[in-house]
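Asker: Below you'll find the structure I mean.
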Amino acid sequence: MGERPRPPFLAAGEDRGPSAGEERQTDASGPSSPAPPASAGRGGEPDARFTFANERTFLAWIRTALALVAAGLAIVQLLPPFPGIRWGRHAIGVPLILLGAVVAVTSYLEWNANQRALRRGEPLRRSRLPQLLAAVIALVALAAAALSLASR
């Protein structure tokens with residue numbers, strides 16, 4: 001078989017996929033797979049995809065922190081008081097506000113450490129934020145349930 005004609009809108013050497021009857025190799029070693037990202041090495045600039053992924057993760061943690069602060073403020077300001085337990089709203093809302101502050105600061109520190117590790121070509125640290133969030137939110141939920149039952 002001869003070489004298939006190149007459409008006029010493609011640059012020389014550019015390939016837009018298989019033509020009819022051809023199959024493209026799809027495993028990781030095939031010519032159609034993107035090249036693995038280059039390692040930053042010591043002090044070099046990391047692959048932009050890793051930098052952007054690190055930034056997206058940081059922004060997701062910041063959204064979580066903002067949601068925690070907003071939920072805590074809403075509980076303290078808008079939730080009706082528990083009958084006979086004046087401090088009940090604060091026992092639920094204030095820990096959420098504080099957790100939001102901790103998540104915001106910790107997420108920045110983790111973003112910075114991850115960016116530094118990417119630049120140095122080192123492995124990334126494991127995040128403790130999921131464990132912290134799960135533990136504090138579980139405790140707040142238990143406190144809310146106890147307050148709700150105690151105020152009946």
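Chain lettering (A, B, ...) mirrors the order of the structure tokens, residue numbering begins at 1 for each chain separately, and ligand numbering begins at 1 in order of display.
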Write out as a count of residues only which residues come within 6 Å of Ala65 (chain A) when counting only C-alpha atoms, dropping same-chain ones fewer than 4 positions away.
Answerer: 3
Asker: Would you list the contacts of Glu110 (chain A) as a list in words, taking every protein, DNA or RNA residue within 9 Å and counting only C-alpha atoms, but skipping same-chain residues closer than 5 positions in sequence?
Answerer: Phe58, Val105, Gln115, Arg125 and Ser127 of chain A
Asker: Residues of the last selection are to be written out with N, CA and C atoms, as a PDB file, in the first residue's frame.
Answerer:
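Result went into result.pdb, see below:
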```pdb
ATOM      1  N   PHE A  58      -4.921  22.567  45.397  1.00  0.00           N
ATOM      2  CA  PHE A  58      -4.919  23.650  46.378  1.00  0.00           C
ATOM      3  C   PHE A  58      -6.240  24.421  46.336  1.00  0.00           C
ATOM      4  N   VAL A 105      -4.920  27.223  55.783  1.00  0.00           N
ATOM      5  CA  VAL A 105      -3.482  27.378  56.033  1.00  0.00           C
ATOM      6  C   VAL A 105      -2.721  26.109  55.644  1.00  0.00           C
ATOM      7  N   GLN A 115       4.999  21.812  45.512  1.00  0.00           N
ATOM      8  CA  GLN A 115       5.664  22.538  44.427  1.00  0.00           C
ATOM      9  C   GLN A 115       7.183  22.420  44.563  1.00  0.00           C
ATOM     10  N   ARG A 125       4.750  14.394  49.615  1.00  0.00           N
ATOM     11  CA  ARG A 125       4.295  13.932  50.933  1.00  0.00           C
ATOM     12  C   ARG A 125       2.835  13.539  50.856  1.00  0.00           C
ATOM     13  N   SER A 127      -0.872  13.711  52.172  1.00  0.00           N
ATOM     14  CA  SER A 127      -1.667  14.746  52.825  1.00  0.00           C
ATOM     15  C   SER A 127      -2.378  14.186  54.050  1.00  0.00           C
TER      16      SER A 127
END
```
Asker: Which residues are near region 66-80 of chain A? Cut-off 6 Å, only C-alpha atoms, ignore same chain within fewer than 2 positions. Put them as a list in words.
Answerer: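 Using only C-alpha atoms, the neighbours found are Arg63, Thr64, Arg89, His90, Gly93, Val94, Leu96, Ile97 and Gly100 of chain A.
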Asker: So, with only C-alpha atoms as the atoms that count, which of A:Ile92, A:Leu98, A:Leu132, A:Leu59 lies closest to Leu147 (chain A)?
Answerer: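 Closest to Leu147 (chain A) of all the choices is A:Ile92.
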Asker: Have a look at A:Arg152, A:Glu122, A:Thr51, A:Leu139 and name the one nearest to Ala91 (chain A); count only C-alpha atoms.
Answerer: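 With only C-alpha atoms as the atom set, the closest residue is A:Leu139.
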Asker: Looking at A:Ser151, A:Ala113, A:Asp47, A:Glu55, which one is nearest to Arg86 (chain A), with distances taken over only C-alpha atoms?
Answerer: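 Looking at the shortest contact to Arg86 (chain A), the residue is A:Ser151.
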Asker: What separation in Å, quoted to one decimal, exists between CA of Ala146 (chain A) and CA of Ile85 (chain A)?
Answerer: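 So the two atoms, CA of Ala146 (chain A) and CA of Ile85 (chain A), lie 11.3 Å apart.
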